[in-house]
Each structure stands twice: as structure tokens, then as C-alpha cells.
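K.L.:
What follows is the file model38.txt, containing compact mmCIF, C-alpha atoms:
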# COMPACT_ATOMS: atom_id res chain seq x y z
CA MET A 142 32.36 14.21 -8.37
CA SER A 143 31.24 11.89 -11.17
CA ALA A 144 30.68 13.02 -14.73
CA PRO A 145 27.06 13.97 -15.51
CA THR A 146 25.29 11.97 -18.20
CA PHE A 147 23.50 14.99 -19.71
CA ASN A 148 20.43 12.96 -20.66
CA ASP A 149 17.21 14.95 -21.21
CA ALA A 150 19.06 18.22 -20.76
CA THR A 151 18.81 21.32 -22.93
CA ASP A 152 21.95 22.49 -24.73
CA GLU A 153 22.32 25.37 -22.25
CA GLU A 154 22.08 22.98 -19.29
CA GLN A 155 24.52 20.61 -20.93
CA TYR A 156 27.10 23.36 -21.47
CA GLN A 157 26.72 24.49 -17.86
CA ASP A 158 27.05 20.95 -16.52
CA LEU A 159 30.14 20.40 -18.65
CA ARG A 160 31.66 23.63 -17.40
CA SER A 161 30.98 22.71 -13.78
CA TYR A 162 32.38 19.21 -14.14
CA LEU A 163 35.54 20.26 -15.97
CA LYS A 164 36.13 23.04 -13.43
CA SER A 165 35.78 20.48 -10.62
CA LEU A 166 38.64 18.56 -12.24
CA GLY A 167 40.84 21.64 -12.16
CA ALA A 168 40.16 23.17 -15.57
CA ASP A 169 40.53 26.92 -15.97
CA ILE A 170 36.95 27.65 -17.07
CA SER A 171 33.97 29.58 -15.75
CA GLU A 172 30.95 27.68 -14.49
CA GLU A 173 28.62 30.18 -16.16
CA ASN A 174 27.71 29.99 -19.84
CA SER A 175 29.00 32.72 -22.11
CA GLU A 176 26.75 35.60 -23.10
CA GLU A 177 28.23 35.41 -26.61
CA GLY A 178 26.36 32.24 -27.51
CA PHE A 179 26.72 28.48 -27.80
CA LEU A 180 29.72 28.54 -30.17
CA VAL A 181 31.81 30.33 -27.55
CA ASP A 182 30.57 27.88 -24.91
CA LEU A 183 31.59 24.93 -27.06
CA GLU A 184 34.95 26.47 -27.90
CA GLN A 185 35.73 27.10 -24.23
CA VAL A 186 34.64 23.60 -23.18
CA ILE A 187 36.74 21.98 -25.91
CA SER A 188 39.78 24.08 -25.00
CA VAL A 189 39.97 22.42 -21.55
CA CYS A 190 38.29 19.04 -22.21
CA ASP A 191 41.62 17.19 -22.09
CA VAL A 192 41.70 17.66 -18.32
CA CYS A 193 39.34 14.68 -18.04
CA LEU A 194 41.96 12.48 -19.73
CA HIS A 195 44.31 13.20 -16.83
CA GLU A 196 41.99 13.58 -13.83
CA ALA A 197 38.86 11.48 -14.49
CA SER A 198 38.19 7.76 -14.65
CA GLU A 199 37.96 6.12 -18.08
CA GLY A 200 34.18 5.85 -17.87
CA ASP A 201 33.71 9.46 -16.80
CA ALA A 202 36.14 10.70 -19.44
CA GLU A 203 34.32 8.80 -22.17
CA CYS A 204 30.95 10.12 -21.00
CA THR A 205 32.21 13.70 -20.92
CA LEU A 206 33.87 13.57 -24.33
CA ASN A 207 30.84 11.90 -25.93
CA SER A 208 28.70 14.71 -24.53
CA ILE A 209 30.91 17.18 -26.36
CA VAL A 210 30.53 15.07 -29.51
CA SER A 211 26.72 15.25 -29.20
CA LEU A 212 26.96 19.05 -29.17
CA LEU A 213 29.64 19.29 -31.82
CA ILE A 214 27.80 17.32 -34.48
CA MET A 215 24.86 19.74 -34.27
CA VAL A 216 27.01 22.67 -35.42
CA PRO A 217 27.02 23.39 -39.20
CA PRO A 218 30.33 22.33 -40.88
CA LEU A 219 31.43 25.87 -41.78
CA GLN A 220 31.15 26.93 -38.14
CA SER A 221 32.50 23.77 -36.58
CA GLU A 222 35.67 23.22 -38.64
CA HIS A 223 38.08 24.84 -36.19
CA LEU A 224 36.22 23.26 -33.24
CA VAL A 225 36.52 19.77 -34.73
CA HIS A 226 40.20 20.37 -35.47
CA THR A 227 40.87 21.50 -31.87
CA PHE A 228 38.86 18.64 -30.36
CA CYS A 229 40.66 16.03 -32.46
CA GLY A 230 43.99 17.56 -31.48
CA LYS A 231 43.14 17.05 -27.81
CA LEU A 232 42.18 13.41 -28.35
CA THR A 233 45.44 12.55 -30.11
CA LYS A 234 47.37 13.34 -26.91
CA ALA A 235 46.06 10.75 -24.48
CA PRO A 236 48.41 10.22 -21.50
CA ASN A 237 48.26 6.42 -21.59
CA ALA A 238 46.97 3.44 -23.58
CA LYS A 239 43.71 3.08 -21.61
CA MET A 240 42.75 6.69 -22.21
CA GLY A 241 43.93 6.25 -25.78
CA ASN A 242 41.29 3.55 -26.23
CA VAL A 243 38.70 5.96 -24.81
CA CYS A 244 39.78 8.60 -27.33
CA LEU A 245 39.59 6.06 -30.15
CA LYS A 246 35.96 5.24 -29.31
CA VAL A 247 35.03 8.91 -29.00
CA LEU A 248 36.63 9.72 -32.35
CA GLN A 249 34.75 6.83 -33.95
CA ASN A 250 31.51 8.31 -32.57
CA LEU A 251 32.45 11.74 -33.93
CA PHE A 252 33.24 10.25 -37.35
CA ALA A 253 29.88 8.45 -37.42
CA GLY A 254 28.08 11.54 -36.14
CA ILE A 255 29.32 13.97 -38.77
CA GLY A 256 28.98 11.36 -41.53
CA GLU A 257 31.66 9.87 -43.78
CA HIS A 258 30.71 12.25 -46.60
CA SER A 259 31.11 15.41 -44.53
CA PRO A 260 34.00 17.69 -45.53
CA LEU A 261 35.15 17.44 -41.90
CA CYS A 262 35.52 13.66 -41.82
CA TYR A 263 38.97 13.76 -43.45
CA ASP A 264 40.51 15.51 -40.41
CA VAL A 265 38.64 13.23 -38.02
CA TYR A 266 39.89 10.15 -39.89
CA CYS A 267 43.49 11.39 -39.74
CA SER A 268 43.12 11.67 -35.96
CA LEU A 269 41.59 8.20 -35.85
CA VAL A 270 44.63 6.82 -37.63
CA ARG A 271 47.00 8.55 -35.19
CA VAL A 272 45.18 7.28 -32.10
CA ALA A 273 44.76 3.80 -33.58
CA GLY A 274 48.51 3.73 -34.08
CA GLN A 275 49.17 4.86 -30.51
CA THR A 276 46.95 2.07 -29.16
CA ASP A 277 48.01 -0.59 -31.70
CA ASN A 278 44.48 -0.75 -33.11
CA ILE A 279 45.14 0.28 -36.68
CA HIS A 280 43.12 -2.73 -37.88
CA MET A 281 40.01 -1.05 -36.47
CA VAL A 282 40.26 1.95 -38.81
CA PHE A 283 42.13 0.70 -41.88
CA LYS A 284 42.17 -2.59 -43.77
CA ASP A 285 42.00 -2.00 -47.51
CA VAL A 286 43.84 0.48 -49.76
CA ASN A 287 41.25 0.33 -52.55
CA LYS A 288 38.34 1.15 -50.22
CA LEU A 289 40.26 4.09 -48.81
CA LYS A 290 41.11 5.29 -52.29
CA SER A 291 37.46 5.09 -53.34
CA TRP A 292 36.31 7.02 -50.26
CA LEU A 293 38.87 9.78 -50.78
CA SER A 294 37.79 10.03 -54.41
CA GLU A 295 34.14 10.42 -53.42
CA LEU A 296 35.12 13.17 -50.98
CA LYS A 297 37.13 14.88 -53.73
CA VAL A 298 40.08 15.23 -51.37
CA SER A 299 43.00 17.15 -52.88
CA THR A 300 46.12 15.28 -53.96
CA ASP A 301 48.16 17.01 -51.24
CA LYS A 302 45.76 15.78 -48.55
CA VAL A 303 45.68 12.27 -50.03
CA GLN A 304 49.48 12.17 -49.89
CA LYS A 305 49.48 13.46 -46.31
CA LEU A 306 47.05 10.73 -45.19
CA LEU A 307 48.87 7.94 -47.03
CA ARG A 308 52.16 9.10 -45.54
CA LEU A 309 50.61 9.04 -42.05
CA LEU A 310 49.13 5.59 -42.63
CA HIS A 311 52.48 4.24 -43.79
CA GLU A 312 54.20 5.58 -40.68
CA VAL A 313 51.56 4.08 -38.36
CA LEU A 314 51.51 0.71 -40.14
CA VAL A 315 55.28 0.43 -39.88
CA GLU A 316 55.11 1.22 -36.15
CA CYS A 317 52.40 -1.45 -35.76
CA LYS A 318 54.59 -3.96 -37.63
CA GLN A 319 52.18 -4.24 -40.55
CA GLY A 320 54.96 -4.21 -43.12
CA GLU A 321 53.09 -5.75 -46.05
CA LEU A 322 50.16 -3.35 -45.74
CA ALA A 323 52.55 -0.44 -45.18
CA ALA A 324 54.27 -1.28 -48.47
CA LYS A 325 50.93 -1.28 -50.31
CA VAL A 326 50.09 2.12 -48.87
CA MET A 327 53.47 3.52 -49.86
CA ILE A 328 53.14 2.19 -53.40
CA GLU A 329 49.75 3.90 -53.60
CA LEU A 330 51.37 7.10 -52.35
CA LEU A 331 54.10 6.97 -54.97
CA GLY A 332 51.42 6.40 -57.60
CA THR A 333 49.93 9.83 -56.82
CA TYR A 334 53.00 11.55 -58.27
CA THR A 335 53.25 12.41 -61.95
CA GLU A 336 56.21 12.64 -64.30
CA ASP A 337 56.37 16.36 -63.57
CA ASN A 338 56.61 16.15 -59.78
CA ALA A 339 58.08 12.67 -59.24
CA SER A 340 61.40 14.21 -58.20
CA GLN A 341 59.64 15.69 -55.15
CA ALA A 342 58.86 12.20 -53.86
CA ARG A 343 62.47 11.26 -53.12
CA ASP A 344 61.89 10.70 -49.38
CA ASP A 345 58.71 8.71 -49.97
CA ALA A 346 60.41 6.53 -52.58
CA HIS A 347 63.32 5.94 -50.21
CA LYS A 348 60.94 4.88 -47.41
CA CYS A 349 59.04 2.61 -49.79
CA ILE A 350 62.20 0.73 -50.72
CA VAL A 351 63.39 0.38 -47.12
CA THR A 352 59.95 -0.85 -45.98
CA SER A 353 59.84 -3.49 -48.71
CA LEU A 354 63.40 -4.67 -48.09
CA GLY A 355 62.84 -4.86 -44.35
CA ASP A 356 59.50 -6.69 -44.45
CA PRO A 357 60.19 -10.42 -43.89
CA ASN A 358 57.09 -11.34 -45.91
CA THR A 359 57.83 -9.25 -49.02
CA PHE A 360 59.90 -11.02 -51.67
CA LEU A 361 58.71 -9.79 -55.06
CA MET A 362 59.73 -6.16 -55.63
CA ASP A 363 60.19 -5.72 -59.36
CA HIS A 364 57.02 -3.58 -59.53
CA LEU A 365 58.82 -0.87 -57.53
CA LEU A 366 61.34 -0.28 -60.29
CA VAL A 367 58.69 1.06 -62.68
CA LEU A 368 57.37 3.68 -60.24
CA LYS A 369 58.37 7.16 -61.40
CA PRO A 370 59.67 8.38 -58.00
CA VAL A 371 61.79 5.23 -57.67
CA ARG A 372 63.22 5.72 -61.16
CA PHE A 373 64.46 9.15 -60.04
CA LEU A 374 66.72 7.34 -57.55
CA GLU A 375 68.65 5.51 -60.28
CA GLY A 376 72.37 5.80 -59.70
CA GLU A 377 71.98 6.08 -55.92
CA LEU A 378 72.96 3.34 -53.46
CA ILE A 379 69.37 2.72 -52.37
CA HIS A 380 68.34 1.99 -55.96
CA ASP A 381 71.36 -0.30 -56.43
CA LEU A 382 70.36 -2.22 -53.31
CA LEU A 383 66.77 -2.58 -54.53
CA THR A 384 68.01 -3.89 -57.88
CA ILE A 385 70.02 -6.58 -56.09
CA PHE A 386 66.93 -7.76 -54.20
CA VAL A 387 64.87 -7.72 -57.39
CA SER A 388 67.08 -9.74 -59.72
CA GLU A 389 70.56 -10.55 -58.41
CA LYS A 390 72.04 -13.25 -56.21
CA LEU A 391 73.42 -13.54 -52.70
CA SER A 392 76.98 -12.96 -53.92
CA SER A 393 75.98 -9.54 -55.28
CA TYR A 394 74.45 -8.54 -51.97
CA LEU A 395 77.52 -9.63 -50.03
CA ALA A 396 79.76 -7.60 -52.35
CA PHE A 397 77.47 -4.56 -51.95
CA TYR A 398 77.36 -4.93 -48.16
CA GLY A 399 81.12 -5.27 -47.98
CA ALA A 400 81.55 -1.98 -49.83
CA ASN A 401 78.62 -0.12 -48.21
CA LYS A 402 78.23 -1.57 -44.74
CA ASP A 403 77.62 1.78 -43.04
CA PHE A 404 74.97 2.72 -45.60
CA VAL A 405 73.00 -0.52 -45.12
CA ASN A 406 73.16 -0.17 -41.34
CA SER A 407 72.01 3.46 -41.56
CA LEU A 408 68.79 2.28 -43.23
CA GLY A 409 67.88 0.36 -40.08
CA LEU A 410 67.97 -2.95 -41.96
CA SER A 411 69.23 -6.13 -40.34
CA HIS A 412 72.14 -7.68 -42.22
CA GLU A 413 71.15 -11.14 -40.97
CA GLN A 414 67.58 -10.70 -42.21
CA ASN A 415 68.93 -9.42 -45.53
CA LEU A 416 71.08 -12.54 -45.84
CA GLN A 417 68.13 -14.82 -45.18
CA LYS A 418 65.93 -13.01 -47.71
CA MET A 419 68.65 -13.01 -50.36
CA ARG A 420 69.21 -16.74 -49.82
CA LEU A 421 65.50 -17.36 -50.37
CA LEU A 422 65.47 -15.15 -53.48
CA THR A 423 68.59 -16.80 -54.86
CA PHE A 424 67.05 -20.23 -54.34
CA MET A 425 63.93 -19.08 -56.23
CA GLN A 426 66.12 -17.96 -59.11
CA MET A 427 67.93 -21.30 -59.17
CA ALA A 428 64.60 -23.15 -59.10
CA GLU A 429 63.34 -21.25 -62.16
CA THR A 430 65.75 -23.16 -64.40
CA ARG A 431 66.42 -26.36 -62.44
CA LYS A 432 64.09 -29.19 -61.52
CA GLU A 433 66.83 -30.89 -59.53
CA ILE A 434 69.24 -28.94 -57.33
CA PRO A 435 72.06 -30.88 -55.63
CA PHE A 436 72.78 -30.03 -51.99
CA SER A 437 76.36 -29.17 -53.02
CA ILE A 438 75.16 -26.34 -55.29
CA ILE A 439 72.86 -24.99 -52.58
CA GLU A 440 75.78 -25.00 -50.15
CA SER A 441 77.99 -23.17 -52.63
CA GLU A 442 75.51 -20.62 -54.00
CA LEU A 443 73.90 -19.80 -50.66
CA GLN A 444 77.04 -20.16 -48.53
CA LEU A 445 75.51 -22.68 -46.17
CA LYS A 446 77.08 -25.46 -44.14
CA PRO A 447 76.07 -29.02 -45.12
CA GLU A 448 74.00 -29.44 -41.96
CA GLU A 449 72.08 -26.20 -42.69
CA VAL A 450 70.75 -27.15 -46.13
CA GLU A 451 67.67 -29.18 -45.15
CA GLY A 452 66.58 -26.61 -42.57
CA PHE A 453 66.92 -23.86 -45.16
CA VAL A 454 64.82 -25.76 -47.74
CA ILE A 455 62.12 -26.25 -45.11
CA ASP A 456 62.15 -22.47 -44.54
CA VAL A 457 61.68 -21.97 -48.29
CA LEU A 458 58.69 -24.33 -48.34
CA ARG A 459 57.09 -22.48 -45.41
CA THR A 460 57.10 -19.26 -47.43
CA LYS A 461 55.23 -21.08 -50.26
CA LEU A 462 57.56 -19.37 -52.73
CA ALA A 463 58.41 -22.78 -54.13
CA ARG A 464 57.09 -26.33 -54.08
CA ALA A 465 59.73 -29.01 -53.73
CA LYS A 466 60.73 -32.27 -52.07
CA ILE A 467 63.95 -33.19 -50.30
CA ASP A 468 65.64 -36.35 -51.57
CA GLU A 469 67.93 -37.17 -48.68
CA LEU A 470 69.23 -40.36 -50.29
CA GLN A 471 70.43 -38.58 -53.43
CA GLN A 472 71.28 -35.36 -51.56
CA ARG A 473 69.17 -33.16 -53.80
CA VAL A 474 66.02 -31.02 -53.91
CA LEU A 475 63.32 -31.88 -56.47
CA VAL A 476 61.52 -28.69 -57.56
CA SER A 477 57.95 -28.91 -58.84
CA SER A 478 57.24 -25.17 -59.14
CA THR A 479 58.46 -21.74 -58.03
CA MET A 480 57.41 -18.12 -58.16
CA HIS A 481 59.38 -15.90 -60.52
CA ARG A 482 61.31 -13.04 -58.93
CA THR A 483 60.53 -10.85 -61.92
CA PHE A 484 57.68 -11.07 -64.39
CA GLY A 485 58.66 -9.59 -67.73
CA LYS A 486 58.36 -10.53 -71.38
CA PRO A 487 60.05 -13.98 -71.02
CA GLN A 488 57.62 -14.93 -68.25
CA TRP A 489 54.62 -13.77 -70.27
CA GLN A 490 55.88 -15.84 -73.21
CA GLN A 491 56.28 -18.87 -70.95
CA LEU A 492 52.73 -18.40 -69.63
CA ARG A 493 51.43 -18.08 -73.19
CA ASP A 494 53.16 -21.34 -74.18
CA ILE A 495 51.66 -23.17 -71.19
CA LEU A 496 48.14 -21.91 -71.91
CA THR A 497 48.51 -22.78 -75.61
CA LYS A 498 49.59 -26.30 -74.65
CA TRP A 499 46.61 -26.65 -72.32
CA GLN A 500 44.29 -25.47 -75.07
CA ARG A 501 45.74 -28.02 -77.50
CA ASN A 502 45.45 -30.84 -74.97
CA LEU A 503 41.85 -29.93 -74.15
CA SER A 504 40.99 -29.93 -77.87
CA GLN A 505 42.44 -33.44 -78.17
CA VAL A 506 40.43 -34.62 -75.16
CA GLN A 507 37.28 -33.12 -76.63
CA ALA A 508 37.91 -34.85 -79.99
CA GLN A 509 38.45 -38.19 -78.26
CA LEU A 510 35.24 -37.81 -76.24
CA ASN A 511 33.29 -37.01 -79.41
CA THR A 512 34.68 -40.17 -81.01
CA VAL A 513 33.61 -42.28 -78.02
CA ILE A 514 30.13 -40.75 -78.04
CA ARG A 515 29.67 -41.41 -81.78
CA SER A 516 30.81 -45.00 -81.32
CA SER A 517 28.30 -45.48 -78.51
CA TYR A 518 25.45 -44.13 -80.64
CA GLU A 519 26.44 -46.38 -83.53
CA SER A 520 26.54 -49.46 -81.26
CA VAL A 521 23.07 -48.69 -79.91
CA ALA A 522 21.72 -48.17 -83.45
CA ASN A 523 23.13 -51.54 -84.59
CA VAL A 524 21.50 -53.37 -81.68
CA GLN A 525 18.11 -51.87 -82.50
Here is the file; what I need is its structure written in the form of C-alpha cells.
P.N.:
Amino acid sequence: MSAPTFNDATDEEQYQDLRSYLKSLGADISEENSEEGFLVDLEQVISVCDVCLHEASEGDAECTLNSIVSLLIMVPPLQSEHLVHTFCGKLTKAPNAKMGNVCLKVLQNLFAGIGEHSPLCYDVYCSLVRVAGQTDNIHMVFKDVNKLKSWLSELKVSTDKVQKLLRLLHEVLVECKQGELAAKVMIELLGTYTEDNASQARDDAHKCIVTSLGDPNTFLMDHLLVLKPVRFLEGELIHDLLTIFVSEKLSSYLAFYGANKDFVNSLGLSHEQNLQKMRLLTFMQMAETRKEIPFSIIESELQLKPEEVEGFVIDVLRTKLARAKIDELQQRVLVSSTMHRTFGKPQWQQLRDILTKWQRNLSQVQAQLNTVIRSSYESVANVQ
């Protein structure tokens, strides 16, 4: 038996058709509508709707679930809250990826149907995030932290609910290997804590640090140290490890790893990846103060074999953390620019000096141009 389309049917007929179809799939539901009214009908249909995820084809399942959506969005929010919650719960438990994609589309229709400013859309969006994570489609429901933050602000969502959603997003993004975006979400989460409750964010701060350390594309982490929840971890091993990645060299990491090998491994971090990142960060630090770096110093500081140096420098250039050229003849690296691992008062002073120099040079150019222009006018006047 194929799923009915429910076009041009009254609500009563639609409920009865849904009941009949779900019962034909094996659901424990009566074929007759309830005498207690449409809310009971809808509640009973929703309670067994997940049978179509197991017994129906993808097309029939999508048609059936969208029919429920068409009925659900007509119910006032105060009466439909528990129904929406139950329905979303069913759709987050798809038995396989194909049915997961069906559930994702149905939830998107539900979200659009109730409107993004409805008080119910928060719960629907949370379910969308879960299903998008299960189907590796998180990009379809989340792309920008600032837009999400603005939407939650317009909805006047409580801080507890904001934290719950951001925590869920972080978990899903990590699972979908979106490390950079996951780190941004976690930083936003930590920013929701105040001085008074920052100590409650210990687990979140811990996850934030581990995510940043483990992301192969995240190199600059000094901004984490100023977050209140992270500051509460001072004195703990995880904070010591973060500090090494923020401002210290490869030798410091190796000493830390030697003394705390089990701890680093318990974080789920790869020692080999840590080594590679610390070599890149150490090279950046060397390049901040050197325009020429001999191969011998790179070998020594980064503990590389002579034949590994050129390959390593090429890896650095791919990250765009530094701009440099390899001088094979002189066995050196010529640095033209590099990103700073930390950006504090010395870096601001350096930037101020550069801008002041540019301003002075531009003033000189302007003065020279004015002189040329005056000379041209005077020459023309003399000819006339």
C-alpha cells in the first residue's frame, strides 16, 4: 500500500488516511479518528509516525511525514509545543542515512512552516542540527556564528538554551570534521559565561582547548587565554599545554610530553600532529626576528634531518603563515613576512611604527608631486 498524498482532503479525512496508512505498516493505532478531537488525533498519529521510517520507502515516508507537518503547523503554538517536541524526537532517530536525509528535509519544512520567529523554532532547529550531523549535512543548517547569535537574540532565547545549542553545534561540527568552525562556536559559548559563573564552564573550556589544539588549520590561540573560563584552568595541565602552543617552542612541548605522555594521549590528540604544529609555530617565532634563517638552525631548533628541511619549509609556505624563499645555494631561508603567534602591546607598537612610517613617506610623495605641479604651471606661464 502506497502512502496517500492527502491533497484536497479535509483535516478529518487526512487524519483517517494517516491512521489507515500507518496501521497498514504495522503501527499500533486505530483506523478511526478520536472522539476527543483533532489534537488527540494528531498526538496519536505522531506517536507512531516513526514506523514509516522503518517500513516505508523514502518517498512514501517523506510524503507521510510532510502530511503531518501540514497539520502540525496549523495548531497554535501553546497547544502544539509538546507535539512538535515529540515529532522532532522521532525524526532524530532515523535508522539509516537515506531516511536521515528524508528527516532533514521534513524538519526544514517544519521550520519554514512554523516560522523562524516562532517560540517553537528553537527546538526544531536543535533537531535540525542533530539530524544534519547524523547525515554529514551540517553545512545546510549552519554556516555563520554571528547570524546564529543575531537570530537567537531576536528570539530572546535564554542563556541556558543558547549554551545548550552552542554545545550541541560544537559536538556536531567536531564529528563532521569542521574543526575551525567548531572552535569559533566554542569560543562563542565560553563568551556567554560571566565572571560569576565562569567556574561552571570547566568542561566547555577544556573542550575548547582540545578542539583548537587538534585542528590542523588552527595556529593562533592567544585569544583563548583571555577567556574567563579558560583562566579558571590556570595551574592545570591543559592550561600549561595551551600556553606552550601559544608562545613557547618545540623543545618546551617535547619536555611537557615526556613528563605527561599519558595526559596528552588521554585528550585524543595525536603526538605526531602536535609535533608538526609546534614545528610550524616555532618557525613562525624564529621568523619574527630573523630575515635569514640558516638550514642548520632550522635543523637544530625543529629537530629535523638535513634532507627534511626543504620539505618542511614548503609545508610552512602552504599554510600561508609566512612568506619566504629557499636559497639552496646558501642553505638558508629568506623570510619576507610572517604572522605573529601572539598580538600584544609590542605588536601594536610595531604596527603603529609601520603606519607612521607610511604616513611620513606618503607626505613626502605628496610634497614632491606638488613641487612638480608648480614647476609645470610656471613653465607653461613662461611660454605664454
K.L.:
What would the list of residues within 12 Å of (26.6, 11.0, -39.9) (file frame) look like as a ChimeraX atom specification, if all atoms listed in the file are what count?
P.N.:
/A:210-211,213-215,218,249-262
K.L.:
One decimal, Å: what's the distance from atom CA of A:Tyr263 over to atom CA of A:His226, could you say?
P.N.:
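Atom CA of A:His226 lies at a distance of 10.4 Å from atom CA of A:Tyr263.
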K.L.:
Between A:Lys325, A:Ala400, A:Lys369, A:Leu248, which one has atoms that come closest to A:Asn338, using only C-alpha atoms?
P.N.:
A:Lys369
K.L.:
Give me the residues near stretch 362-366 of chain A as a list of chain:residue names, where near means some atom within 10 Å (using all atoms listed in the file) and where sequence neighbours in that chain fewer than 6 positions away do not count.
P.N.:
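Here the qualifying residues turn out to be A:Ile328, A:Leu331, A:Ala346, A:Cys349, A:Ile350, A:Ser353, A:Leu354, A:Arg372, A:Phe373, A:Leu374, A:Glu375, A:His380, A:Leu383, A:Thr384, A:Phe386, A:Val387, A:Ser388, A:Arg482, A:Thr483, A:Phe484, A:Gly485.
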K.L.:
Looking at all atoms listed in the file, which of A:Glu321, A:Asp191, A:Asp381, A:Glu154 is the one that sits closest to A:Lys234?
P.N.:
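Comparing A:Glu321, A:Asp191, A:Asp381, A:Glu154 against A:Lys234, the winner is A:Asp191.
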K.L.:
Which residues are near stretch 287-297 of chain A? Cut-off 12 Å, all atoms listed in the file, ignore same chain within fewer than 2 positions. Put them as a PyMOL selection string.
P.N.:
chain A and resi 256-264+266+282-285+299-304+306-307+310+322+325-326+329-330+332-333
